[in-house]
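Pasting final.csv here (CSV, C-alpha atoms):
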```csv
chain,number,residue,atom,x,y,z
A,1,MET,CA,-14.9,4.3,5.7
A,2,GLY,CA,-16.6,2.6,2.7
A,3,LEU,CA,-20.3,3.1,1.8
A,4,ALA,CA,-22.7,0.5,3.0
A,5,GLY,CA,-24.5,-1.3,0.2
A,6,SER,CA,-22.2,-0.1,-2.5
A,7,THR,CA,-22.1,-2.2,-5.7
A,8,ALA,CA,-19.5,-2.8,-8.3
A,9,VAL,CA,-19.6,-0.5,-11.3
A,10,ALA,CA,-18.6,-1.8,-14.8
A,11,GLN,CA,-15.4,-0.2,-16.0
A,12,PRO,CA,-14.8,0.8,-19.6
A,13,ARG,CA,-12.7,-1.4,-21.8
A,14,VAL,CA,-9.1,-0.1,-21.9
A,15,GLU,CA,-7.5,-0.9,-25.3
A,16,ARG,CA,-3.9,0.0,-24.5
A,17,PRO,CA,-2.0,0.3,-21.2
A,18,TYR,CA,-1.5,3.8,-19.9
A,19,TRP,CA,-0.2,5.5,-16.8
A,20,THR,CA,-2.3,7.8,-14.5
A,21,LEU,CA,-0.7,10.1,-12.0
A,22,SER,CA,-2.4,12.1,-9.2
A,23,LEU,CA,-0.4,15.2,-8.5
A,24,TYR,CA,-0.8,17.3,-5.4
A,25,PRO,CA,1.1,20.5,-6.1
A,26,ASP,CA,0.7,22.1,-2.7
A,27,ALA,CA,1.9,19.0,-1.0
A,28,GLY,CA,4.8,18.5,-3.4
A,29,GLU,CA,4.1,14.9,-4.2
A,30,ALA,CA,2.4,12.6,-6.7
A,31,GLY,CA,1.5,8.9,-7.0
A,32,GLY,CA,0.6,6.9,-10.0
A,33,CYS,CA,0.0,3.4,-11.5
A,34,LEU,CA,-0.3,1.6,-14.7
A,35,ILE,CA,-3.8,0.9,-16.0
A,36,ALA,CA,-3.8,-2.4,-17.9
A,37,PRO,CA,-6.2,-3.5,-20.6
A,38,ARG,CA,-9.5,-5.1,-19.6
A,39,VAL,CA,-10.6,-7.9,-21.8
A,40,GLY,CA,-13.9,-8.6,-20.1
A,41,ALA,CA,-15.5,-9.2,-16.7
A,42,VAL,CA,-14.2,-12.1,-14.5
A,43,GLY,CA,-16.9,-14.1,-12.9
A,44,GLY,CA,-16.9,-15.7,-9.4
A,45,LEU,CA,-17.4,-14.7,-5.9
A,46,VAL,CA,-14.9,-12.3,-4.3
A,47,VAL,CA,-14.3,-13.2,-0.6
A,48,PRO,CA,-13.5,-10.0,1.4
A,49,ASP,CA,-10.3,-10.1,3.4
A,50,PRO,CA,-10.9,-7.9,6.5
A,51,ASP,CA,-7.2,-7.7,7.5
A,52,ARG,CA,-6.2,-6.6,4.0
A,53,SER,CA,-9.1,-4.1,3.8
A,54,GLU,CA,-8.1,-2.6,7.2
A,55,ALA,CA,-4.4,-2.4,6.1
A,56,GLU,CA,-5.4,-0.7,2.9
A,57,ALA,CA,-7.6,1.8,4.8
A,58,ASP,CA,-4.7,2.6,7.1
A,59,ARG,CA,-2.4,3.1,4.1
A,60,ARG,CA,-4.9,5.5,2.5
A,61,ALA,CA,-5.3,7.4,5.8
A,62,ARG,CA,-1.6,7.8,6.2
A,63,GLY,CA,-1.3,9.2,2.7
A,64,GLN,CA,-4.1,11.6,3.2
A,65,ILE,CA,-2.6,12.8,6.5
A,66,ARG,CA,0.8,13.4,4.9
A,67,ARG,CA,-0.7,15.3,2.0
A,68,TYR,CA,-3.0,17.5,4.1
A,69,CYS,CA,-0.2,18.4,6.5
A,70,ALA,CA,2.3,19.1,3.7
A,71,ALA,CA,-0.1,21.2,1.7
A,72,ASN,CA,-1.0,23.3,4.7
A,73,ARG,CA,2.5,23.3,6.2
A,74,LEU,CA,1.3,21.9,9.5
A,75,ASN,CA,4.7,21.9,11.3
A,76,ARG,CA,3.7,22.3,14.9
A,77,PHE,CA,2.9,19.2,16.9
A,78,ILE,CA,0.3,19.4,19.7
A,79,THR,CA,-0.7,16.9,22.4
A,80,LEU,CA,-3.9,17.2,24.4
A,81,THR,CA,-4.3,15.0,27.5
A,82,TYR,CA,-6.8,14.7,30.4
A,83,ALA,CA,-6.2,15.1,34.1
A,84,GLY,CA,-7.4,12.6,36.7
A,85,GLU,CA,-8.7,9.3,35.4
A,86,GLY,CA,-8.8,10.5,31.8
A,87,CYS,CA,-11.5,10.1,29.2
A,88,HIS,CA,-12.8,6.7,28.0
A,89,ASN,CA,-15.8,7.9,25.9
A,90,GLU,CA,-14.8,8.3,22.3
A,91,ARG,CA,-17.7,10.6,21.3
A,92,ALA,CA,-17.2,12.8,24.4
A,93,PHE,CA,-13.5,13.0,23.6
A,94,ARG,CA,-14.1,14.0,19.9
A,95,ALA,CA,-16.6,16.6,21.0
A,96,HIS,CA,-14.0,18.1,23.4
A,97,ILE,CA,-11.4,18.2,20.6
A,98,ALA,CA,-13.8,19.9,18.2
A,99,GLU,CA,-14.8,22.5,20.8
A,100,ALA,CA,-11.1,23.1,21.6
A,101,PHE,CA,-10.2,24.0,18.0
A,102,LYS,CA,-13.3,26.0,17.6
A,103,ASP,CA,-12.4,28.0,20.7
A,104,LEU,CA,-8.8,28.3,19.7
A,105,ARG,CA,-9.7,29.8,16.4
A,106,ARG,CA,-11.8,32.4,18.1
A,107,ARG,CA,-9.0,33.2,20.5
A,108,LEU,CA,-6.7,33.7,17.5
A,109,GLY,CA,-8.9,36.3,16.0
A,110,GLY,CA,-11.1,34.1,13.8
A,111,GLU,CA,-8.5,33.7,11.1
A,112,PRO,CA,-8.5,30.4,9.0
A,113,LEU,CA,-6.9,27.7,11.0
A,114,PRO,CA,-6.1,24.4,9.1
A,115,TYR,CA,-5.4,21.6,11.5
A,116,LEU,CA,-5.4,17.8,11.7
A,117,TRP,CA,-5.7,15.6,14.8
A,118,VAL,CA,-5.7,11.8,15.5
A,119,PRO,CA,-6.8,10.0,18.7
A,120,GLU,CA,-4.6,7.6,20.7
A,121,TRP,CA,-5.6,5.2,23.5
A,122,HIS,CA,-3.0,5.7,26.2
A,123,PRO,CA,-1.0,2.5,26.6
A,124,GLY,CA,-1.2,2.8,30.4
A,125,GLY,CA,-5.0,2.7,30.5
A,126,HIS,CA,-5.5,6.4,31.0
A,127,GLY,CA,-8.0,6.6,28.2
A,128,LEU,CA,-7.9,8.8,25.1
A,129,HIS,CA,-5.7,11.7,24.3
A,130,GLY,CA,-5.2,13.7,21.1
A,131,HIS,CA,-2.3,14.5,18.8
A,132,ALA,CA,-2.7,17.4,16.4
A,133,ALA,CA,-0.8,19.6,14.0
A,134,VAL,CA,-1.2,23.3,13.1
A,135,GLY,CA,0.8,25.5,10.8
A,136,ARG,CA,1.2,28.8,12.7
A,137,TYR,CA,2.5,30.1,15.9
A,138,VAL,CA,0.0,29.5,18.8
A,139,PRO,CA,0.7,30.9,22.2
A,140,ARG,CA,0.6,28.1,24.7
A,141,SER,CA,-1.5,30.2,27.0
A,142,LYS,CA,-4.3,30.3,24.4
A,143,LEU,CA,-4.1,26.5,23.9
A,144,VAL,CA,-4.4,26.0,27.7
A,145,GLU,CA,-7.5,28.2,27.7
A,146,SER,CA,-9.0,26.2,24.9
A,147,TRP,CA,-8.4,22.9,26.6
A,148,PRO,CA,-9.7,23.0,30.1
A,149,HIS,CA,-9.7,19.2,30.5
A,150,GLY,CA,-6.0,18.6,31.5
A,151,TYR,CA,-2.6,19.3,29.9
A,152,VAL,CA,-1.3,20.6,26.6
A,153,SER,CA,2.1,20.7,24.8
A,154,ILE,CA,3.0,22.3,21.5
A,155,LYS,CA,6.4,22.3,19.7
A,156,LEU,CA,7.7,23.3,16.3
A,157,ILE,CA,9.2,20.4,14.5
A,158,GLY,CA,12.9,21.2,14.4
A,159,ASP,CA,14.9,17.9,14.4
A,160,LEU,CA,15.7,18.2,10.7
A,161,PRO,CA,18.9,18.9,8.7
A,162,VAL,CA,19.9,22.6,8.5
A,163,GLY,CA,18.1,24.3,5.7
A,164,SER,CA,14.9,22.2,5.9
A,165,GLY,CA,11.9,24.3,5.4
A,166,ALA,CA,8.2,24.2,6.4
A,167,LEU,CA,7.3,21.6,3.9
A,168,GLU,CA,9.8,19.1,5.2
A,169,GLU,CA,8.8,20.0,8.8
A,170,ALA,CA,5.2,19.3,7.9
A,171,ARG,CA,6.1,16.0,6.4
A,172,ARG,CA,7.9,15.0,9.6
A,173,CYS,CA,5.0,16.1,11.7
A,174,ALA,CA,2.6,14.1,9.5
A,175,GLY,CA,4.8,11.1,10.1
A,176,TYR,CA,4.4,11.4,13.8
A,177,LEU,CA,0.6,11.7,13.4
A,178,ALA,CA,0.3,8.8,10.9
A,179,LYS,CA,1.9,6.3,13.3
A,180,TYR,CA,-1.2,6.5,15.5
A,181,VAL,CA,-3.4,5.5,12.5
A,182,GLY,CA,-3.3,1.7,12.8
A,183,LYS,CA,-5.2,-1.4,13.4
A,184,ALA,CA,-4.8,-1.2,17.2
A,185,ILE,CA,-6.7,2.1,17.1
A,186,GLY,CA,-9.2,0.7,14.5
A,187,GLU,CA,-10.1,-2.2,16.7
A,188,ARG,CA,-11.2,0.1,19.5
A,189,ARG,CA,-12.8,2.8,17.3
A,190,ALA,CA,-16.6,3.0,17.6
A,191,PRO,CA,-18.5,2.5,14.3
A,192,GLY,CA,-18.9,5.6,12.3
A,193,LEU,CA,-15.9,7.4,13.7
A,194,HIS,CA,-13.0,8.4,11.5
A,195,ARG,CA,-9.3,7.6,12.0
A,196,TYR,CA,-8.5,11.3,12.0
A,197,GLU,CA,-10.2,14.7,11.6
A,198,VAL,CA,-9.3,17.9,9.8
A,199,ALA,CA,-10.5,21.5,9.5
A,200,GLN,CA,-12.8,21.6,6.5
A,201,GLY,CA,-12.0,23.7,3.5
A,202,PHE,CA,-8.2,23.0,3.3
A,203,GLN,CA,-8.0,19.8,1.3
A,204,PRO,CA,-5.1,19.8,-1.1
A,205,GLN,CA,-5.8,20.2,-4.8
A,206,VAL,CA,-5.3,17.2,-7.0
A,207,VAL,CA,-4.3,17.3,-10.7
A,208,LYS,CA,-4.9,14.1,-12.7
A,209,LEU,CA,-2.4,13.3,-15.4
A,210,GLU,CA,-2.3,10.5,-18.0
A,211,GLY,CA,0.4,9.3,-20.4
A,212,ARG,CA,1.7,6.3,-22.2
A,213,SER,CA,4.6,5.8,-19.9
A,214,VAL,CA,5.7,6.6,-16.4
A,215,ASP,CA,8.3,9.0,-17.7
A,216,ALA,CA,5.6,10.8,-19.7
A,217,VAL,CA,3.4,11.5,-16.6
A,218,ILE,CA,6.4,12.5,-14.5
A,219,ARG,CA,7.4,15.0,-17.2
A,220,GLN,CA,3.9,16.4,-17.2
A,221,ALA,CA,4.0,16.7,-13.4
A,222,SER,CA,7.4,18.4,-13.6
A,223,ASP,CA,6.0,21.0,-16.0
A,224,VAL,CA,3.2,21.7,-13.5
A,225,MET,CA,5.7,22.0,-10.6
A,226,GLY,CA,8.2,24.1,-12.5
A,227,GLY,CA,11.1,21.6,-12.1
A,228,ALA,CA,12.2,18.1,-11.8
A,229,PRO,CA,11.3,16.1,-8.7
A,230,SER,CA,13.8,15.5,-5.9
A,231,GLU,CA,12.8,11.9,-5.4
A,232,VAL,CA,11.3,9.3,-7.7
A,233,TRP,CA,10.4,5.8,-6.6
A,234,ARG,CA,9.4,3.1,-9.2
A,235,SER,CA,8.2,-0.4,-8.5
A,236,ASP,CA,10.0,-1.5,-11.6
A,237,ASP,CA,13.3,-0.8,-9.8
A,238,GLN,CA,12.4,-2.9,-6.8
A,239,GLU,CA,13.7,-6.4,-6.8
A,240,GLY,CA,11.0,-9.0,-6.0
A,241,TRP,CA,8.1,-6.5,-6.5
A,242,ASP,CA,5.0,-8.6,-7.3
A,243,GLY,CA,2.3,-5.9,-7.3
A,244,PRO,CA,1.0,-3.8,-10.1
A,245,PRO,CA,3.5,-1.2,-11.5
A,246,ILE,CA,3.3,2.0,-9.5
A,247,CYS,CA,5.4,5.1,-8.8
A,248,SER,CA,5.7,7.9,-6.3
A,249,VAL,CA,7.3,11.3,-6.8
A,250,ARG,CA,8.3,14.1,-4.5
A,251,TRP,CA,9.5,17.7,-4.7
A,252,ASN,CA,11.2,19.6,-1.9
A,253,GLY,CA,11.0,23.3,-1.1
```

Written form, structure tokens:
Amino acid sequence: MGLAGSTAVAQPRVERPYWTLSLYPDAGEAGGCLIAPRVGAVGGLVVPDPDRSEAEADRRARGQIRRYCAANRLNRFITLTYAGEGCHNERAFRAHIAEAFKDLRRRLGGEPLPYLWVPEWHPGGHGLHGHAAVGRYVPRSKLVESWPHGYVSIKLIGDLPVGSGALEEARRCAGYLAKYVGKAIGERRAPGLHRYEVAQGFQPQVVKLEGRSVDAVIRQASDVMGGAPSEVWRSDDQEGWDGPPICSVRWNG
């Protein structure tokens, strides 16, 4: 999902290392990294690695799916399949899904309806079907009316410890959806088509924070969130970590 013909842009010189953290308050999570000093440009030809680029795109997509679902509390999992021989045309399939959610919103009274869906090629050769998430009760009868192509299922994510709320349910739902975003799908995806689609206008807000240490940016994020995080992961604590210093932080409830 990069831009064709894009060129490298010179980065400003960084005199001292500092940490940057991207906080998504509605999703209850943040991720950050250490920005190291730059002493000058490095010459030479960079050879693209398609496998690494694909893996990185998958990683970004999974994070975006998780944050969108969490921020909008999308905790109901939907599957839309076809009757008969199925659908093998990606563009027709995506048009059907888009029309289904447009029709569903109309049947629900026109209220805002955040949703996210991902495609899956059926392993048995039945073509494409869709997996989606919404964050409100949807009568199955209305979903059936909006999807005249075959079969539907919808369920509230409930296989969680007692006391788990909508945020944890949404994260679990996002995990189910994210597993379909992988190279196997990418290899069959027609050019110009995305790994997933969302309802527009519901992207989670991001707050950019900077500090001289990882503890400093986590403290800033905790102030924004109104409390300490429930989980903190730091690469410095991981034995054998050979990548750049990074961290991820999560709040529950």

May I ask for the distance between atom CA of Arg76 of chain A and atom CA of Cys173 of chain A, given in Å to one decimal place?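 Value for the atom CA of Arg76 of chain A-atom CA of Cys173 of chain A distance: 7.1 Å.
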
Quick check, in Å to one decimal: how far apart do atom CA of Gly109 of chain A and atom CA of Tyr68 of chain A lie?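 Distance reported for this atom pair: 23.0 Å.
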
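These residues, each with an atom at most 6 Å from (4.3, 9.3, -2.5) using all atoms listed in the file, are Glu29, Ala30, Gly31, Ser248 and Val249 of chain A.
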
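Taking all atoms listed in the file into account, the residues near (0.7, 27.3, -8.8), no farther than 10 Å, are A:Pro25, A:Asp26, A:Val224, A:Met225, A:Gly226.
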
Would you mind telling me which residue in A:Gly150, A:Pro245, A:Val118, A:Ser141 lies nearest to Ser213 of chain A when using all atoms listed in the file?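 Closest candidate: A:Pro245.
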
Output requested as a compact mmCIF listing (two decimals), in the frame of the given file - segment 192-203 of chain A, filled out with all heavy atoms.
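rebuild29.txt, freshly written:
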```
# COMPACT_ATOMS: atom_id res chain seq x y z
N GLY A 192 -18.57 4.28 12.75
CA GLY A 192 -18.90 5.60 12.30
C GLY A 192 -17.94 6.70 12.58
O GLY A 192 -18.12 7.84 12.13
N LEU A 193 -16.88 6.38 13.33
CA LEU A 193 -15.90 7.40 13.70
C LEU A 193 -14.66 7.24 12.80
O LEU A 193 -14.22 6.13 12.51
CB LEU A 193 -15.50 7.26 15.16
CG LEU A 193 -16.63 7.45 16.17
CD1 LEU A 193 -16.10 7.33 17.59
CD2 LEU A 193 -17.32 8.79 15.97
N HIS A 194 -14.09 8.35 12.39
CA HIS A 194 -13.00 8.40 11.50
C HIS A 194 -11.64 8.13 12.20
O HIS A 194 -11.53 8.34 13.41
CB HIS A 194 -12.91 9.67 10.70
CG HIS A 194 -14.12 9.91 9.85
ND1 HIS A 194 -14.51 11.16 9.45
CD2 HIS A 194 -15.02 9.06 9.33
CE1 HIS A 194 -15.59 11.07 8.71
NE2 HIS A 194 -15.93 9.81 8.61
N ARG A 195 -10.65 7.77 11.41
CA ARG A 195 -9.30 7.60 12.00
C ARG A 195 -8.65 8.90 12.33
O ARG A 195 -7.78 8.96 13.17
CB ARG A 195 -8.42 6.86 10.92
CG ARG A 195 -8.75 5.39 10.74
CD ARG A 195 -8.06 4.83 9.50
NE ARG A 195 -8.15 3.38 9.47
CZ ARG A 195 -9.23 2.71 9.11
NH1 ARG A 195 -10.33 3.38 8.76
NH2 ARG A 195 -9.23 1.40 9.11
N TYR A 196 -9.06 9.97 11.68
CA TYR A 196 -8.50 11.30 12.00
C TYR A 196 -9.55 12.33 11.56
O TYR A 196 -10.52 12.01 10.87
CB TYR A 196 -7.20 11.51 11.19
CG TYR A 196 -7.38 11.58 9.69
CD1 TYR A 196 -7.54 12.79 9.04
CD2 TYR A 196 -7.42 10.42 8.93
CE1 TYR A 196 -7.73 12.86 7.67
CE2 TYR A 196 -7.60 10.47 7.55
CZ TYR A 196 -7.76 11.68 6.93
OH TYR A 196 -7.96 11.74 5.58
N GLU A 197 -9.33 13.58 11.98
CA GLU A 197 -10.20 14.70 11.60
C GLU A 197 -9.44 15.88 11.20
O GLU A 197 -8.30 16.09 11.68
CB GLU A 197 -11.13 15.04 12.83
CG GLU A 197 -12.05 13.92 13.33
CD GLU A 197 -13.21 13.62 12.39
OE1 GLU A 197 -13.43 14.42 11.44
OE2 GLU A 197 -13.89 12.60 12.60
N VAL A 198 -10.02 16.69 10.32
CA VAL A 198 -9.30 17.90 9.80
C VAL A 198 -10.28 19.07 9.83
O VAL A 198 -11.50 18.92 9.88
CB VAL A 198 -8.82 17.67 8.39
CG1 VAL A 198 -7.86 16.49 8.31
CG2 VAL A 198 -9.98 17.48 7.40
N ALA A 199 -9.70 20.25 9.76
CA ALA A 199 -10.50 21.50 9.50
C ALA A 199 -10.97 21.43 8.07
O ALA A 199 -10.19 21.14 7.16
CB ALA A 199 -9.65 22.70 9.78
N GLN A 200 -12.23 21.70 7.86
CA GLN A 200 -12.80 21.60 6.50
C GLN A 200 -12.37 22.86 5.68
O GLN A 200 -12.17 23.94 6.21
CB GLN A 200 -14.32 21.56 6.60
CG GLN A 200 -14.83 20.30 7.32
CD GLN A 200 -14.33 19.03 6.67
OE1 GLN A 200 -14.46 18.84 5.47
NE2 GLN A 200 -13.74 18.15 7.47
N GLY A 201 -12.26 22.63 4.39
CA GLY A 201 -12.00 23.70 3.50
C GLY A 201 -10.49 23.85 3.11
O GLY A 201 -10.12 24.80 2.40
N PHE A 202 -9.65 22.91 3.55
CA PHE A 202 -8.20 23.00 3.30
C PHE A 202 -7.64 21.79 2.63
O PHE A 202 -6.44 21.55 2.68
CB PHE A 202 -7.46 23.29 4.61
CG PHE A 202 -7.91 24.52 5.34
CD1 PHE A 202 -8.83 24.43 6.38
CD2 PHE A 202 -7.45 25.77 4.98
CE1 PHE A 202 -9.27 25.56 7.06
CE2 PHE A 202 -7.88 26.91 5.65
CZ PHE A 202 -8.79 26.81 6.69
N GLN A 203 -8.49 20.98 1.98
CA GLN A 203 -8.00 19.80 1.30
C GLN A 203 -7.09 20.15 0.15
O GLN A 203 -7.38 21.09 -0.59
CB GLN A 203 -9.17 18.93 0.83
CG GLN A 203 -9.99 18.29 1.93
CD GLN A 203 -9.21 17.21 2.68
OE1 GLN A 203 -8.15 16.79 2.25
NE2 GLN A 203 -9.75 16.79 3.82
```
